[in-house]
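Below is start.pdb, which holds PDB, C-alpha atoms, pLDDT in the B column.
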```
ATOM      1  CA  MET A   1     140.220 121.272 193.765  1.00 71.00           C
ATOM      2  CA  ARG A   2     140.638 120.856 197.512  1.00 70.00           C
ATOM      3  CA  THR A   3     137.239 119.160 197.805  1.00 70.00           C
ATOM      4  CA  ILE A   4     137.958 116.744 194.967  1.00 73.00           C
ATOM      5  CA  VAL A   5     141.279 115.761 196.549  1.00 79.00           C
ATOM      6  CA  PHE A   6     139.519 115.344 199.898  1.00 73.00           C
ATOM      7  CA  ILE A   7     136.941 113.019 198.344  1.00 75.00           C
ATOM      8  CA  LEU A   8     139.591 111.028 196.480  1.00 79.00           C
ATOM      9  CA  VAL A   9     141.682 110.603 199.634  1.00 81.00           C
ATOM     10  CA  ILE A  10     138.672 109.334 201.584  1.00 79.00           C
ATOM     11  CA  ALA A  11     137.696 106.944 198.791  1.00 79.00           C
ATOM     12  CA  ALA A  12     141.268 105.643 198.453  1.00 84.00           C
ATOM     13  CA  LEU A  13     141.621 105.099 202.194  1.00 83.00           C
ATOM     14  CA  VAL A  14     138.302 103.266 202.365  1.00 83.00           C
ATOM     15  CA  GLN A  15     139.402 100.986 199.540  1.00 84.00           C
ATOM     16  CA  LEU A  16     142.736 100.387 201.257  1.00 87.00           C
ATOM     17  CA  VAL A  17     141.008  99.524 204.531  1.00 85.00           C
ATOM     18  CA  GLU A  18     138.693  97.160 202.674  1.00 86.00           C
ATOM     19  CA  MET A  19     141.628  95.348 201.040  1.00 87.00           C
ATOM     20  CA  VAL A  20     143.489  95.069 204.349  1.00 89.00           C
ATOM     21  CA  LEU A  21     140.411  93.755 206.138  1.00 87.00           C
ATOM     22  CA  LYS A  22     139.717  91.253 203.373  1.00 87.00           C
ATOM     23  CA  ARG A  23     143.296  89.991 203.529  1.00 90.00           C
ATOM     24  CA  TYR A  24     143.984  89.929 207.271  1.00 92.00           C
ATOM     25  CA  ILE A  25     140.588  89.949 209.047  1.00 88.00           C
ATOM     26  CA  PRO A  26     138.110  88.173 206.739  1.00 88.00           C
ATOM     27  CA  ALA A  27     135.499  87.757 209.487  1.00 88.00           C
ATOM     28  CA  LEU A  28     135.319  91.517 210.064  1.00 85.00           C
ATOM     29  CA  HIS A  29     135.287  92.136 206.308  1.00 83.00           C
ATOM     30  CA  ALA A  30     132.368  89.734 205.944  1.00 85.00           C
ATOM     31  CA  SER A  31     130.469  91.300 208.846  1.00 83.00           C
ATOM     32  CA  LEU A  32     130.864  94.836 207.440  1.00 80.00           C
ATOM     33  CA  GLY A  33     129.644  93.620 204.073  1.00 78.00           C
ATOM     34  CA  ILE A  34     128.449  96.393 201.785  1.00 76.00           C
ATOM     35  CA  TYR A  35     128.971  99.227 204.276  1.00 79.00           C
ATOM     36  CA  LEU A  36     132.625  99.938 203.420  1.00 77.00           C
ATOM     37  CA  PRO A  37     132.009 100.458 199.673  1.00 76.00           C
ATOM     38  CA  LEU A  38     128.997 102.627 200.568  1.00 78.00           C
ATOM     39  CA  ILE A  39     131.367 105.153 202.157  1.00 77.00           C
ATOM     40  CA  THR A  40     133.093 105.531 198.782  1.00 73.00           C
ATOM     41  CA  THR A  41     129.722 105.912 197.067  1.00 74.00           C
ATOM     42  CA  ASN A  42     128.772 108.654 199.522  1.00 77.00           C
ATOM     43  CA  CYS A  43     131.975 110.480 198.585  1.00 76.00           C
ATOM     44  CA  ALA A  44     130.914 110.362 194.937  1.00 75.00           C
ATOM     45  CA  VAL A  45     127.474 111.750 195.815  1.00 77.00           C
ATOM     46  CA  LEU A  46     129.087 114.539 197.821  1.00 79.00           C
ATOM     47  CA  GLY A  47     131.357 115.323 194.863  1.00 79.00           C
ATOM     48  CA  VAL A  48     128.442 115.634 192.438  1.00 83.00           C
ATOM     49  CA  THR A  49     126.576 117.899 194.843  1.00 82.00           C
ATOM     50  CA  ILE A  50     129.585 120.151 195.322  1.00 82.00           C
ATOM     51  CA  ASN A  51     130.143 120.342 191.554  1.00 82.00           C
ATOM     52  CA  ASN A  52     126.518 121.383 191.033  1.00 85.00           C
ATOM     53  CA  ILE A  53     126.861 124.136 193.628  1.00 85.00           C
ATOM     54  CA  ASN A  54     130.239 125.338 192.326  1.00 85.00           C
ATOM     55  CA  ASP A  55     128.979 125.461 188.745  1.00 86.00           C
ATOM     56  CA  GLY A  56     125.965 127.556 189.802  1.00 88.00           C
ATOM     57  CA  PHE A  57     123.377 125.197 188.312  1.00 89.00           C
ATOM     58  CA  ASN A  58     119.685 125.819 188.823  1.00 90.00           C
ATOM     59  CA  PHE A  59     117.361 122.988 189.841  1.00 91.00           C
ATOM     60  CA  LEU A  60     116.795 121.543 186.350  1.00 91.00           C
ATOM     61  CA  GLU A  61     120.470 121.757 185.410  1.00 89.00           C
ATOM     62  CA  SER A  62     121.409 120.107 188.699  1.00 89.00           C
ATOM     63  CA  MET A  63     118.962 117.273 188.046  1.00 91.00           C
ATOM     64  CA  VAL A  64     120.336 116.667 184.537  1.00 89.00           C
ATOM     65  CA  SER A  65     123.929 116.872 185.771  1.00 87.00           C
ATOM     66  CA  SER A  66     123.219 114.486 188.654  1.00 88.00           C
ATOM     67  CA  LEU A  67     121.440 112.023 186.381  1.00 90.00           C
ATOM     68  CA  GLY A  68     124.365 112.077 183.966  1.00 87.00           C
ATOM     69  CA  ALA A  69     126.850 111.609 186.795  1.00 85.00           C
ATOM     70  CA  GLY A  70     124.792 108.735 188.195  1.00 85.00           C
ATOM     71  CA  LEU A  71     124.685 107.012 184.822  1.00 88.00           C
ATOM     72  CA  GLY A  72     128.416 107.567 184.475  1.00 82.00           C
ATOM     73  CA  PHE A  73     129.073 106.020 187.890  1.00 80.00           C
ATOM     74  CA  LEU A  74     126.808 103.104 186.970  1.00 85.00           C
ATOM     75  CA  LEU A  75     128.764 102.511 183.781  1.00 83.00           C
ATOM     76  CA  ALA A  76     132.052 102.713 185.677  1.00 80.00           C
ATOM     77  CA  MET A  77     130.890 100.269 188.354  1.00 80.00           C
ATOM     78  CA  VAL A  78     129.615  97.779 185.784  1.00 86.00           C
ATOM     79  CA  LEU A  79     132.894  97.976 183.872  1.00 84.00           C
ATOM     80  CA  PHE A  80     135.003  97.606 187.003  1.00 83.00           C
ATOM     81  CA  ALA A  81     132.847  94.712 188.243  1.00 84.00           C
ATOM     82  CA  GLY A  82     133.359  92.938 184.937  1.00 86.00           C
ATOM     83  CA  VAL A  83     137.097  93.518 185.065  1.00 84.00           C
ATOM     84  CA  ARG A  84     137.242  92.398 188.697  1.00 82.00           C
ATOM     85  CA  SER A  85     135.399  89.160 187.940  1.00 85.00           C
ATOM     86  CA  ARG A  86     137.749  88.477 185.033  1.00 86.00           C
ATOM     87  CA  LEU A  87     140.765  89.158 187.258  1.00 83.00           C
ATOM     88  CA  GLU A  88     139.610  86.613 189.824  1.00 82.00           C
ATOM     89  CA  GLU A  89     139.762  83.896 187.168  1.00 86.00           C
ATOM     90  CA  ALA A  90     142.973  85.124 185.508  1.00 84.00           C
ATOM     91  CA  LYS A  91     146.453  83.840 186.242  1.00 86.00           C
ATOM     92  CA  PRO A  92     148.705  86.897 185.919  1.00 86.00           C
ATOM     93  CA  PRO A  93     152.491  86.622 186.420  1.00 89.00           C
ATOM     94  CA  LYS A  94     153.512  86.464 190.063  1.00 89.00           C
ATOM     95  CA  CYS A  95     154.871  90.048 190.092  1.00 89.00           C
ATOM     96  CA  PHE A  96     151.447  91.353 188.958  1.00 87.00           C
ATOM     97  CA  GLN A  97     149.238  89.346 191.323  1.00 85.00           C
ATOM     98  CA  GLY A  98     147.085  91.308 193.739  1.00 84.00           C
ATOM     99  CA  LEU A  99     147.169  95.090 193.783  1.00 82.00           C
ATOM    100  CA  PRO A 100     149.467  95.642 190.750  1.00 88.00           C
ATOM    101  CA  ILE A 101     147.159  93.904 188.269  1.00 87.00           C
ATOM    102  CA  THR A 102     144.188  95.702 189.809  1.00 84.00           C
ATOM    103  CA  LEU A 103     145.862  99.081 189.293  1.00 86.00           C
ATOM    104  CA  VAL A 104     146.877  98.231 185.727  1.00 88.00           C
ATOM    105  CA  SER A 105     143.337  97.094 184.925  1.00 86.00           C
ATOM    106  CA  ALA A 106     141.830 100.196 186.551  1.00 84.00           C
ATOM    107  CA  SER A 107     144.113 102.450 184.517  1.00 86.00           C
ATOM    108  CA  ILE A 108     143.120 100.741 181.271  1.00 84.00           C
ATOM    109  CA  VAL A 109     139.425 101.068 182.113  1.00 82.00           C
ATOM    110  CA  ALA A 110     139.979 104.722 183.089  1.00 81.00           C
ATOM    111  CA  LEU A 111     141.581 105.360 179.697  1.00 82.00           C
ATOM    112  CA  SER A 112     138.427 104.079 178.023  1.00 79.00           C
ATOM    113  CA  PHE A 113     136.501 106.997 179.535  1.00 75.00           C
ATOM    114  CA  PHE A 114     138.603 109.468 177.560  1.00 77.00           C
ATOM    115  CA  GLY A 115     136.501 108.409 174.586  1.00 76.00           C
ATOM    116  CA  PHE A 116     133.561 110.221 176.173  1.00 73.00           C
ATOM    117  CA  ALA A 117     135.470 113.485 176.647  1.00 71.00           C
ATOM    118  CA  GLY A 118     133.833 116.421 174.940  1.00 70.00           C
ATOM    119  CA  ILE A 119     130.590 114.656 173.989  1.00 71.00           C
ATOM    120  CA  VAL A 120     128.366 117.081 175.906  1.00 64.00           C
ATOM    121  CA  ASP A 121     130.253 120.126 174.579  1.00 65.00           C
ATOM    122  CA  GLY A 122     130.078 118.677 171.075  1.00 64.00           C
ATOM    123  CA  ILE A 123     126.318 118.184 171.273  1.00 67.00           C
ATOM    124  CA  PHE A 124     125.290 121.334 173.146  1.00 63.00           C
ATOM    125  CA  GLY A 125     128.281 123.642 172.562  1.00 57.00           C
TER     126      GLY A 125
END
```
Entire entry expressed as structure tokens:
Amino acid sequence: MRTIVFILVIAALVQLVEMVLKRYIPALHASLGIYLPLITTNCAVLGVTINNINDGFNFLESMVSSLGAGLGFLLAMVLFAGVRSRLEEAKPPKCFQGLPITLVSASIVALSFFGFAGIVDGIFG
């Protein structure tokens, strides 16, 4: 649990730094480009690796678990990118503009992943 919290704290801080840079220092944000989000991606990779080790997977199980996690992250990124592009065009009420509407949208997208809960156990369990 400590490792997961560590990874989440790093990812949250990186996202916060990215938002602050985008808002107050756009030139630096533009020059860093893709490198800030890559730090968050590296945290996700570290998390998958640690989960594979903690679960005691052998090589084949680790490969299947990593592939599934990668596909899951891909699905999450595509969904969040779609939501983010829709938010840029939307006109939410003034009290929801910026971070609040982003958090509300992220929570709704996160709820959609509960639909996948138990699929692997249902198939293989």
**Message:** Translate the PyMOL selection byres ((chain A and resi 46) around 12) into a concrete residue list for this structure, as JSON, numbers by chain.
**Reply:** {"A": [3, 4, 6, 7, 8, 10, 11, 39, 40, 41, 42, 43, 44, 45, 47, 48, 49, 50, 51, 52, 53, 66, 69]}
**Request:** Tell me, in Å to one decimal, how far CA of Leu38 in chain A is from CA of Leu16 in chain A.
**Result:** 13.9 Å
**Message:** When you look at Val20 in chain A with a cut-off of 9 Å (counting all atoms listed in the file), what residues show up, excluding the ones that are within fewer than 5 positions of it in the same chain? I need them as number ranges by chain.
**Reply:** A: 15, 25, 29
For the selection you just gave me, I'd like the residues written to a file as a CSV table (one decimal), keeping the file's coordinate frame, keeping C-alpha atoms.
```
chain,number,residue,atom,x,y,z
A,15,GLN,CA,139.4,101.0,199.5
A,25,ILE,CA,140.6,89.9,209.0
A,29,HIS,CA,135.3,92.1,206.3
```
**Asked** By how many Å are CA of Gly68 in chain A and CA of Pro37 in chain A apart?
**Response**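 Distance between the two atoms: 21.0 Å.
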**Message:** Between CA of Leu111 in chain A and CA of Met77 in chain A, what is the distance in Å, rounded to a tenth?
**Reply:**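 Between CA of Leu111 in chain A and CA of Met77 in chain A the gap works out to 14.7 Å.
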When you look at Phe113 in chain A with a cut-off of 9 Å (counting all atoms listed in the file), what residues show up, excluding the ones that are within fewer than 4 positions of it in the same chain? I need them as a PDB file with C-alpha atoms, keeping the file's coordinate frame.
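Written output follows (part-v9.pdb):
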```
ATOM      1  CA  ALA A  76     132.052 102.713 185.677  1.00 80.00           C
ATOM      2  CA  VAL A 109     139.425 101.068 182.113  1.00 82.00           C
ATOM      3  CA  ALA A 117     135.470 113.485 176.647  1.00 71.00           C
TER       4      ALA A 117
END
```
**Request:** Could you tell me which of A:Pro93, A:Pro26, A:Gly33, A:Gly82 comes closest to Ala106 in chain A if we count only C-alpha atoms?
**Result:** A:Gly82
**Message:** Set the distance at 8 Å and use all atoms listed in the file: which residues neighbour Glu18 in chain A once local chain neighbours fewer than 4 positions away are removed? I'd like the list as an NGL selection string.
**Reply:** :A and (14 or 22 or 29 or 36)
**Request:** Extract, using only C-alpha atoms, all DNA, RNA and protein residues at most 10 Å from Leu87 in chain A, discarding same-chain residues fewer than 2 positions from it, and format them as a PyMOL selection string.
**Result:** chain A and resi 81-85+89-92+97-98+101-102+105
